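With compact mmCIF, C-alpha atoms and all ligand atoms inside, this is upload-v9.txt:
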# COMPACT_ATOMS: atom_id res chain seq x y z
CA MET A 62 0.00 0.00 0.00
CA ASN A 63 1.70 3.19 -1.13
CA ASN A 64 -0.62 6.12 -1.49
CA LYS A 65 1.98 8.89 -1.74
CA GLY A 66 2.25 9.46 1.95
CA LYS A 67 5.78 10.06 3.12
CA ILE A 68 7.73 10.14 6.34
CA TYR A 69 10.63 12.48 6.98
CA VAL A 70 12.62 11.56 10.08
CA VAL A 71 14.11 14.96 10.73
CA GLY A 72 17.14 15.83 12.83
CA ILE A 73 16.58 19.39 13.99
CA GLY A 74 20.10 19.78 15.35
CA PRO A 75 20.92 20.89 18.88
CA GLY A 76 18.04 23.33 19.13
CA ASN A 77 18.91 26.63 17.56
CA MET A 78 17.38 27.12 14.11
CA GLU A 79 20.67 28.42 12.73
CA HIS A 80 22.12 24.96 13.26
CA MET A 81 19.37 23.17 11.37
CA SER A 82 20.03 21.98 7.82
CA LEU A 83 18.21 23.46 4.83
CA MET A 84 16.90 19.99 4.10
CA ALA A 85 15.42 19.74 7.60
CA LEU A 86 13.69 23.08 7.06
CA LYS A 87 12.36 21.98 3.68
CA ALA A 88 11.11 18.66 5.04
CA ILE A 89 9.17 20.43 7.77
CA GLU A 90 7.84 22.98 5.29
CA LYS A 91 6.58 20.19 3.01
CA SER A 92 4.89 18.31 5.85
CA GLN A 93 1.23 18.51 6.75
CA VAL A 94 1.79 16.86 10.12
CA VAL A 95 4.74 17.30 12.50
CA ILE A 96 5.16 14.86 15.34
CA GLY A 97 7.65 14.93 18.22
CA TYR A 98 8.44 15.16 21.87
CA LYS A 99 7.17 18.49 23.16
CA THR A 100 10.57 19.94 24.09
CA TYR A 101 11.69 19.50 20.47
CA ILE A 102 8.40 20.76 19.06
CA ASN A 103 8.90 23.90 21.18
CA LEU A 104 12.36 24.43 19.71
CA ILE A 105 10.89 24.74 16.20
CA LYS A 106 7.46 26.20 16.99
CA ASP A 107 8.00 29.17 14.67
CA LEU A 108 7.99 26.74 11.71
CA LEU A 109 4.77 25.05 12.69
CA LYS A 110 2.12 27.76 12.44
CA ASP A 111 0.07 26.14 9.66
CA LYS A 112 0.80 22.52 10.55
CA GLU A 113 -1.04 19.89 12.43
CA VAL A 114 1.23 19.29 15.41
CA ILE A 115 1.17 16.18 17.56
CA ASP A 116 3.43 16.40 20.59
CA SER A 117 3.79 13.54 22.98
CA SER A 118 5.64 12.71 26.14
CA MET A 119 9.08 11.14 26.29
CA LYS A 120 8.04 7.63 27.29
CA LYS A 121 5.92 7.03 24.22
CA GLU A 122 8.44 6.59 21.43
CA ILE A 123 6.86 3.49 19.90
CA GLU A 124 3.35 4.98 19.97
CA ARG A 125 4.67 8.17 18.45
CA CYS A 126 6.35 6.27 15.63
CA ASN A 127 3.29 4.09 14.98
CA LEU A 128 1.18 7.23 14.81
CA THR A 129 3.63 8.69 12.31
CA ILE A 130 3.28 5.62 10.08
CA ASP A 131 -0.54 5.68 10.48
CA GLU A 132 -0.68 9.31 9.33
CA ALA A 133 1.60 8.66 6.35
CA GLU A 134 -0.48 5.63 5.36
CA LYS A 135 -3.48 7.96 5.14
CA GLY A 136 -1.57 9.68 2.35
CA ARG A 137 -0.16 12.57 4.35
CA ILE A 138 3.35 13.98 4.45
CA VAL A 139 4.61 13.64 7.99
CA SER A 140 7.77 14.80 9.75
CA ILE A 141 8.81 13.13 12.97
CA VAL A 142 11.47 15.21 14.65
CA SER A 143 14.44 14.22 16.80
CA SER A 144 16.90 16.56 18.44
CA GLY A 145 20.40 16.40 17.03
CA ASP A 146 20.70 13.58 14.53
CA PRO A 147 17.72 11.20 14.27
CA GLY A 148 20.02 8.23 13.73
CA ILE A 149 21.89 8.78 17.01
CA TYR A 150 19.67 7.65 19.89
CA GLY A 151 16.81 9.20 17.92
CA MET A 152 13.72 8.11 15.99
CA ALA A 153 15.26 6.78 12.76
CA GLY A 154 15.82 3.21 13.94
CA ILE A 155 12.40 2.83 15.56
CA ILE A 156 10.62 4.08 12.42
CA LEU A 157 12.54 1.69 10.15
CA GLU A 158 12.03 -1.26 12.48
CA LEU A 159 8.29 -0.60 12.79
CA ILE A 160 7.88 -0.15 9.04
CA ASN A 161 9.45 -3.56 8.52
CA LYS A 162 7.33 -5.11 11.25
CA ARG A 163 4.15 -3.63 9.78
CA LYS A 164 5.23 -4.56 6.26
CA SER A 165 4.44 -0.99 5.30
CA GLU A 166 5.63 0.31 1.94
CA ILE A 167 5.61 3.91 2.94
CA ASP A 168 8.46 6.06 1.67
CA VAL A 169 10.89 7.20 4.40
CA GLU A 170 13.64 9.77 4.22
CA ILE A 171 16.07 10.28 7.09
CA VAL A 172 17.27 13.87 7.31
CA PRO A 173 20.54 14.09 9.26
CA GLY A 174 21.23 16.74 11.87
CA ILE A 175 24.08 18.12 13.96
CA SER A 176 24.38 15.78 16.93
CA ALA A 177 25.06 16.93 20.48
CA ALA A 178 28.66 15.70 20.24
CA ASN A 179 29.31 17.88 17.18
CA ALA A 180 27.63 20.89 18.74
CA ALA A 181 29.46 20.51 22.04
CA ALA A 182 32.80 19.88 20.35
CA ALA A 183 32.48 23.15 18.44
CA SER A 184 31.82 25.04 21.67
CA LEU A 185 34.75 23.35 23.43
CA GLY A 186 37.33 23.83 20.65
CA SER A 187 38.42 20.77 18.70
CA PRO A 188 38.24 17.77 21.04
CA LEU A 189 37.04 15.25 18.40
CA MET A 190 39.95 15.63 15.99
CA HIS A 191 40.88 11.99 16.43
CA ASP A 192 39.04 8.68 16.71
CA PHE A 193 36.18 8.87 19.15
CA ALA A 194 33.52 6.69 20.70
CA VAL A 195 29.95 7.72 21.46
CA ILE A 196 28.40 6.01 24.48
CA SER A 197 25.01 6.55 26.08
CA LEU A 198 24.94 6.00 29.84
CA SER A 199 21.20 5.35 29.80
CA ASN A 200 20.49 1.80 30.92
CA LEU A 201 16.78 1.93 30.14
CA LEU A 202 17.29 -0.14 26.98
CA THR A 203 20.87 -1.41 27.42
CA ASP A 204 22.33 -3.42 30.31
CA TRP A 205 24.64 -1.40 32.52
CA GLU A 206 27.19 -4.24 32.33
CA ILE A 207 27.40 -3.82 28.54
CA ILE A 208 27.70 -0.06 28.84
CA LYS A 209 30.55 -0.45 31.34
CA LYS A 210 32.34 -2.88 29.03
CA ARG A 211 32.09 -0.40 26.16
CA ILE A 212 33.47 2.40 28.32
CA GLU A 213 36.32 0.12 29.35
CA CYS A 214 37.13 -0.79 25.72
CA ALA A 215 36.93 2.83 24.55
CA ALA A 216 39.17 3.93 27.42
CA ALA A 217 41.65 1.12 26.76
CA GLY A 218 41.71 2.01 23.06
CA ASP A 219 42.52 5.66 23.86
CA PHE A 220 39.39 6.85 22.05
CA ILE A 221 38.06 10.30 22.87
CA ILE A 222 34.75 9.48 24.58
CA SER A 223 31.47 11.39 24.20
CA LEU A 224 28.99 10.47 26.91
CA TYR A 225 25.31 11.04 26.09
CA ASN A 226 22.55 10.78 28.72
CA PRO A 227 25.13 11.13 31.52
CA LYS A 228 22.82 11.58 34.49
CA SER A 229 19.12 11.83 35.25
CA LYS A 230 17.13 12.31 38.45
CA ARG A 231 16.93 8.55 38.92
CA ARG A 232 20.27 7.60 37.41
CA VAL A 233 22.94 9.37 39.41
CA ASN A 234 25.84 6.93 39.83
CA GLN A 235 26.67 5.98 36.28
CA ILE A 236 28.76 9.03 35.61
CA ALA A 237 30.96 8.44 38.68
CA GLU A 238 31.39 4.76 37.79
CA SER A 239 32.24 5.68 34.19
CA ARG A 240 34.87 8.12 35.38
CA ASP A 241 36.43 5.43 37.62
CA ILE A 242 36.69 3.07 34.65
CA ILE A 243 38.29 5.73 32.45
CA LEU A 244 40.75 6.62 35.26
CA LYS A 245 42.16 3.08 35.04
CA TYR A 246 43.59 4.07 31.65
CA ARG A 247 43.94 7.87 31.71
CA LYS A 248 45.60 10.44 33.92
CA PRO A 249 43.45 12.47 36.35
CA SER A 250 44.61 15.58 34.44
CA THR A 251 42.96 14.36 31.18
CA PRO A 252 40.82 17.22 29.83
CA VAL A 253 37.04 16.88 30.09
CA GLY A 254 34.44 19.14 28.46
CA ILE A 255 31.01 19.43 30.02
CA VAL A 256 28.48 21.21 27.82
CA LYS A 257 24.90 21.85 28.86
CA ASN A 258 22.44 22.97 26.18
CA ALA A 259 25.08 23.04 23.47
CA LYS A 260 24.21 25.55 20.72
CA ARG A 261 20.85 26.36 22.25
CA THR A 262 19.61 29.06 24.61
CA GLY A 263 21.29 28.83 28.00
CA GLU A 264 24.43 27.07 26.80
CA LYS A 265 26.99 26.41 29.55
CA VAL A 266 30.50 25.28 28.64
CA ILE A 267 32.96 23.95 31.21
CA ILE A 268 36.46 22.71 30.56
CA THR A 269 37.88 20.69 33.43
CA ASP A 270 39.61 17.33 33.90
CA LEU A 271 38.85 13.78 35.02
CA GLU A 272 39.87 14.57 38.57
CA ASN A 273 37.44 17.48 38.98
CA MET A 274 34.60 16.73 36.57
CA LEU A 275 32.15 15.52 39.22
CA ASN A 276 32.23 18.92 40.94
CA TYR A 277 30.09 20.40 38.17
CA GLU A 278 26.39 20.19 37.42
CA ILE A 279 25.62 17.30 35.06
CA ASP A 280 22.11 16.45 33.89
CA MET A 281 20.13 15.13 30.92
CA PHE A 282 20.74 18.31 28.92
CA THR A 283 24.47 17.80 29.25
CA ILE A 284 27.01 15.97 27.14
CA ILE A 285 30.50 15.13 28.33
CA ILE A 286 33.57 14.78 26.15
CA VAL A 287 36.61 13.08 27.69
CA GLY A 288 39.85 13.72 25.82
CA ASN A 289 42.34 11.07 24.74
CA SER A 290 45.88 10.85 26.11
CA ASN A 291 47.02 13.68 23.78
CA THR A 292 44.18 16.14 24.36
CA TYR A 293 45.26 19.41 26.00
CA ILE A 294 43.77 22.75 27.03
CA GLU A 295 45.15 26.03 25.73
CA ASN A 296 43.61 29.51 25.62
CA GLY A 297 40.37 28.15 27.00
CA LYS A 298 39.97 25.58 24.23
CA MET A 299 40.11 21.80 24.39
CA ILE A 300 42.32 20.55 21.57
CA THR A 301 43.05 17.00 20.43
CA PRO A 302 45.99 17.04 18.03
CA ARG A 303 45.49 15.20 14.77
CA GLY A 304 49.21 14.55 14.59
CA TYR A 305 50.42 17.32 12.26
CA ASN A 306 53.89 18.66 12.93
CA ILE A 307 52.94 22.26 13.76
N1 LIG B 1 19.64 12.46 18.79
C1 LIG B 1 20.32 13.30 19.77
C2 LIG B 1 20.65 12.55 21.06
C3 LIG B 1 19.45 12.13 21.87
S1 LIG B 1 19.90 11.37 23.37
C4 LIG B 1 21.59 13.88 19.13
O1 LIG B 1 22.01 13.43 18.07
O2 LIG B 1 22.15 14.81 19.72
C5 LIG B 1 19.67 12.71 24.51
C6 LIG B 1 21.00 13.15 25.10
O3 LIG B 1 21.73 13.86 24.11
C7 LIG B 1 20.89 14.12 26.26
O4 LIG B 1 20.70 13.44 27.50
C8 LIG B 1 22.23 14.81 26.23
O5 LIG B 1 23.24 13.99 26.79
C9 LIG B 1 22.49 14.89 24.73
N2 LIG B 1 22.09 16.18 24.14
C10 LIG B 1 21.16 16.37 23.18
N3 LIG B 1 21.12 17.67 22.83
C11 LIG B 1 22.05 18.31 23.58
C12 LIG B 1 22.50 19.67 23.66
N4 LIG B 1 22.01 20.63 22.88
N5 LIG B 1 23.49 19.95 24.55
C13 LIG B 1 24.02 18.99 25.32
N6 LIG B 1 23.64 17.69 25.28
C14 LIG B 1 22.66 17.36 24.43
As structure tokens, what does this structure read like?
Amino acid sequence: MNNKGKIYVVGIGPGNMEHMSLMALKAIEKSQVVIGYKTYINLIKDLLKDKEVIDSSMKKEIERCNLTIDEAEKGRIVSIVSSGDPGIYGMAGIILELINKRKSEIDVEIVPGISAANAAAASLGSPLMHDFAVISLSNLLTDWEIIKKRIECAAAGDFIISLYNPKSKRRVNQIAESRDIILKYRKPSTPVGIVKNAKRTGEKVIITDLENMLNYEIDMFTIIIVGNSNTYIENGKMITPRGYNI
């Protein structure tokens, strides 16, 4: 059944319209229906004046994605929005999995966006200039034992490490445990960037180190970037050398 409905899975970037892609803007413009978690809908509300908007709460990802497919199957053009990039802990995977499960033939286009790690890195300087790992500390869908193993491997491999979902009201210890694992392989003076609300209103950028990082506020609007063994801080910027002889 393909009746010209279409789904755009749109990454809106970190939350400031200037950091949204032209394609994301166009996809939203073309859509009759825009669906998303209300915080993200609020970030783009200026674009939504003549749209049908369906916002939903955080816990309801699968419902939200099924609703998106339902609307598209009615023949409508629908955007489902994720913050950052929709393929990084966002809606892209759920939509594709559900479409397969439902044996739907609806057309889907994934529109990439600037992820929190990219946004935070730009505010910190150039911490991601070498190989890096992206790890979510949320154990809602992944066993904490697996997450710890990944942190251990990334630390052992001297990857720069971006930590998403570092701490919530209920999950408070993961960040301290993660730091302990990383400290087995890296010096306490290893630079750490803590960015809250990267590239959106209220941005807060802190450059510290592994030893002191837990003295700062960390929450679900925060991303943490731990440098590799070569990362250094100069003139208020976190820099990971690529290896050029400068
Ligand atoms: N798809 C999103 C990630 C969703 S997971 C992306 O690509 O960025 C949600 C986590 O991402 C948050 O808990 C936080 O750790 C991080 N995050 C998302 N936007 C952020 C921002 N603007 N500043 C800092 N961290 C952010």
Of the candidates A:Gly174, A:Pro249, A:Pro302, A:Gly136, which one gets nearest to ligand LIG 1 (chain B) if we count only C-alpha atoms and all ligand atoms?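 That would be A:Gly174, the residue with the smallest distance to ligand LIG 1 (chain B).
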Residues within 8 Å of ligand LIG 1 (chain B) should be enumerated using only C-alpha atoms and all ligand atoms and returned as an mmCIF file with C-alpha atoms, keeping the file's coordinate frame.
data_model
loop_
_atom_site.group_PDB
_atom_site.id
_atom_site.type_symbol
_atom_site.label_atom_id
_atom_site.label_comp_id
_atom_site.auth_asym_id
_atom_site.auth_seq_id
_atom_site.Cartn_x
_atom_site.Cartn_y
_atom_site.Cartn_z
ATOM 1 C CA GLY A 72 17.140 15.830 12.830
ATOM 2 C CA GLY A 74 20.100 19.780 15.350
ATOM 3 C CA PRO A 75 20.920 20.890 18.880
ATOM 4 C CA GLY A 76 18.040 23.330 19.130
ATOM 5 C CA SER A 143 14.440 14.220 16.800
ATOM 6 C CA SER A 144 16.900 16.560 18.440
ATOM 7 C CA GLY A 145 20.400 16.400 17.030
ATOM 8 C CA ASP A 146 20.700 13.580 14.530
ATOM 9 C CA PRO A 147 17.720 11.200 14.270
ATOM 10 C CA GLY A 148 20.020 8.230 13.730
ATOM 11 C CA ILE A 149 21.890 8.780 17.010
ATOM 12 C CA TYR A 150 19.670 7.650 19.890
ATOM 13 C CA GLY A 151 16.810 9.200 17.920
ATOM 14 C CA MET A 152 13.720 8.110 15.990
ATOM 15 C CA GLY A 174 21.230 16.740 11.870
ATOM 16 C CA ILE A 175 24.080 18.120 13.960
ATOM 17 C CA SER A 176 24.380 15.780 16.930
ATOM 18 C CA ALA A 177 25.060 16.930 20.480
ATOM 19 C CA ALA A 178 28.660 15.700 20.240
ATOM 20 C CA ALA A 180 27.630 20.890 18.740
ATOM 21 C CA ALA A 181 29.460 20.510 22.040
ATOM 22 C CA SER A 197 25.010 6.550 26.080
ATOM 23 C CA LEU A 224 28.990 10.470 26.910
ATOM 24 C CA TYR A 225 25.310 11.040 26.090
ATOM 25 C CA ASN A 226 22.550 10.780 28.720
ATOM 26 C CA PRO A 227 25.130 11.130 31.520
ATOM 27 C CA LYS A 228 22.820 11.580 34.490
ATOM 28 C CA VAL A 256 28.480 21.210 27.820
ATOM 29 C CA LYS A 257 24.900 21.850 28.860
ATOM 30 C CA ASN A 258 22.440 22.970 26.180
ATOM 31 C CA ALA A 259 25.080 23.040 23.470
ATOM 32 C CA LYS A 260 24.210 25.550 20.720
ATOM 33 C CA ARG A 261 20.850 26.360 22.250
ATOM 34 C CA GLU A 264 24.430 27.070 26.800
ATOM 35 C CA ASP A 280 22.110 16.450 33.890
ATOM 36 C CA MET A 281 20.130 15.130 30.920
ATOM 37 C CA PHE A 282 20.740 18.310 28.920
ATOM 38 C CA THR A 283 24.470 17.800 29.250
ATOM 39 C CA ILE A 284 27.010 15.970 27.140
ATOM 40 C CA ILE A 285 30.500 15.130 28.330
#
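From CA of Ala153 in chain A back to CA of His80 in chain A, the distance works out to 19.4 Å.
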Mind running range 108-208 of chain A against range 89-93 of chain A at 9 Å and telling me each contacting residue's nearest atom pair with the distance in Å (one decimal), counting all atoms listed in the file, chain and number ascending, as CSV?
residue,atom,partner,partner_atom,distance
A:Leu108,CA,A:Glu90,CA,7.4
A:Leu109,CA,A:Ile89,CA,8.1
A:Asp111,CA,A:Gln93,CA,8.2
A:Lys112,CA,A:Gln93,CA,5.5
A:Glu113,CA,A:Gln93,CA,6.3
A:Val114,CA,A:Gln93,CA,8.7
A:Arg137,CA,A:Gln93,CA,6.6
A:Ile138,CA,A:Ser92,CA,4.8
A:Val139,CA,A:Ser92,CA,5.1
A:Ser140,CA,A:Ser92,CA,6.0
A:Ile141,CA,A:Ile89,CA,9.0
A:Val142,CA,A:Ile89,CA,8.9
Which is closest to Ile73 in chain A among A:Ile105, A:Ile123, A:Met274, A:Leu244, if we use only C-alpha atoms?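 Smallest distance to Ile73 in chain A is found for A:Ile105.
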Pick out the residues sitting within 10 Å of Glu122 in chain A, and hand them over as a list of chain:residue names; count only C-alpha atoms, and ignore anything fewer than 3 positions along from it in its own chain.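 Non-adjacent residues within range: A:Gly97, A:Tyr98, A:Ser117, A:Ser118, A:Met119, A:Arg125, A:Cys126, A:Asn127, A:Leu128, A:Gly151, A:Met152, A:Ile155, A:Ile156.
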Create the file for the chosen residues now, containing C-alpha atoms and written as a CSV table (one decimal), keeping the file's coordinate frame.
chain,number,residue,atom,x,y,z
A,97,GLY,CA,7.6,14.9,18.2
A,98,TYR,CA,8.4,15.2,21.9
A,117,SER,CA,3.8,13.5,23.0
A,118,SER,CA,5.6,12.7,26.1
A,119,MET,CA,9.1,11.1,26.3
A,125,ARG,CA,4.7,8.2,18.4
A,126,CYS,CA,6.4,6.3,15.6
A,127,ASN,CA,3.3,4.1,15.0
A,128,LEU,CA,1.2,7.2,14.8
A,151,GLY,CA,16.8,9.2,17.9
A,152,MET,CA,13.7,8.1,16.0
A,155,ILE,CA,12.4,2.8,15.6
A,156,ILE,CA,10.6,4.1,12.4
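Comparing A:Gly304, A:Pro173, A:Gly66, A:Gly186 by their smallest distance to Ala85 in chain A, the closest is A:Pro173 (using all atoms listed in the file).
Distances from A:Ile255, A:Ala237, A:Leu275, A:Ile221 to Val287 in chain A were compared using only C-alpha atoms, and the smallest one belongs to A:Ile221.
Take the candidates A:Asn234, A:Ser165, A:Thr251, A:Ser187 and check each one against Gly297 in chain A using only C-alpha atoms; the shortest distance goes to A:Ser187.
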How far is it from CA of Leu83 in chain A to CA of Lys265 in chain A, in Å with one decimal?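 Atom-to-atom, CA of Leu83 in chain A to CA of Lys265 in chain A, that is 26.4 Å.
Going from CA of Ala133 in chain A over to CA of Val95 in chain A, you cover 11.1 Å.
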Which one of A:Asn273, A:Thr129, A:Asn289, A:Ser250 sits closest to Ser223 in chain A if you count all atoms listed in the file? A:Asn289
Pull the neighbourhood of (28.2, -0.8, 25.6) for me: all residues within 12 Å in file coordinates, counting only C-alpha atoms, as a PyMOL selection string. chain A and resi 194-200+202-215+224+239
Could the centre and edge lengths of an axis-aligned box, enclosing all atoms of range 81-95 of chain A in the file with 4 Å extra on each side, be given in Å to one decimal as JSON?
{"center_x": 10.6, "center_y": 20.2, "center_z": 7.8, "size_x": 26.8, "size_y": 14.6, "size_z": 17.5}
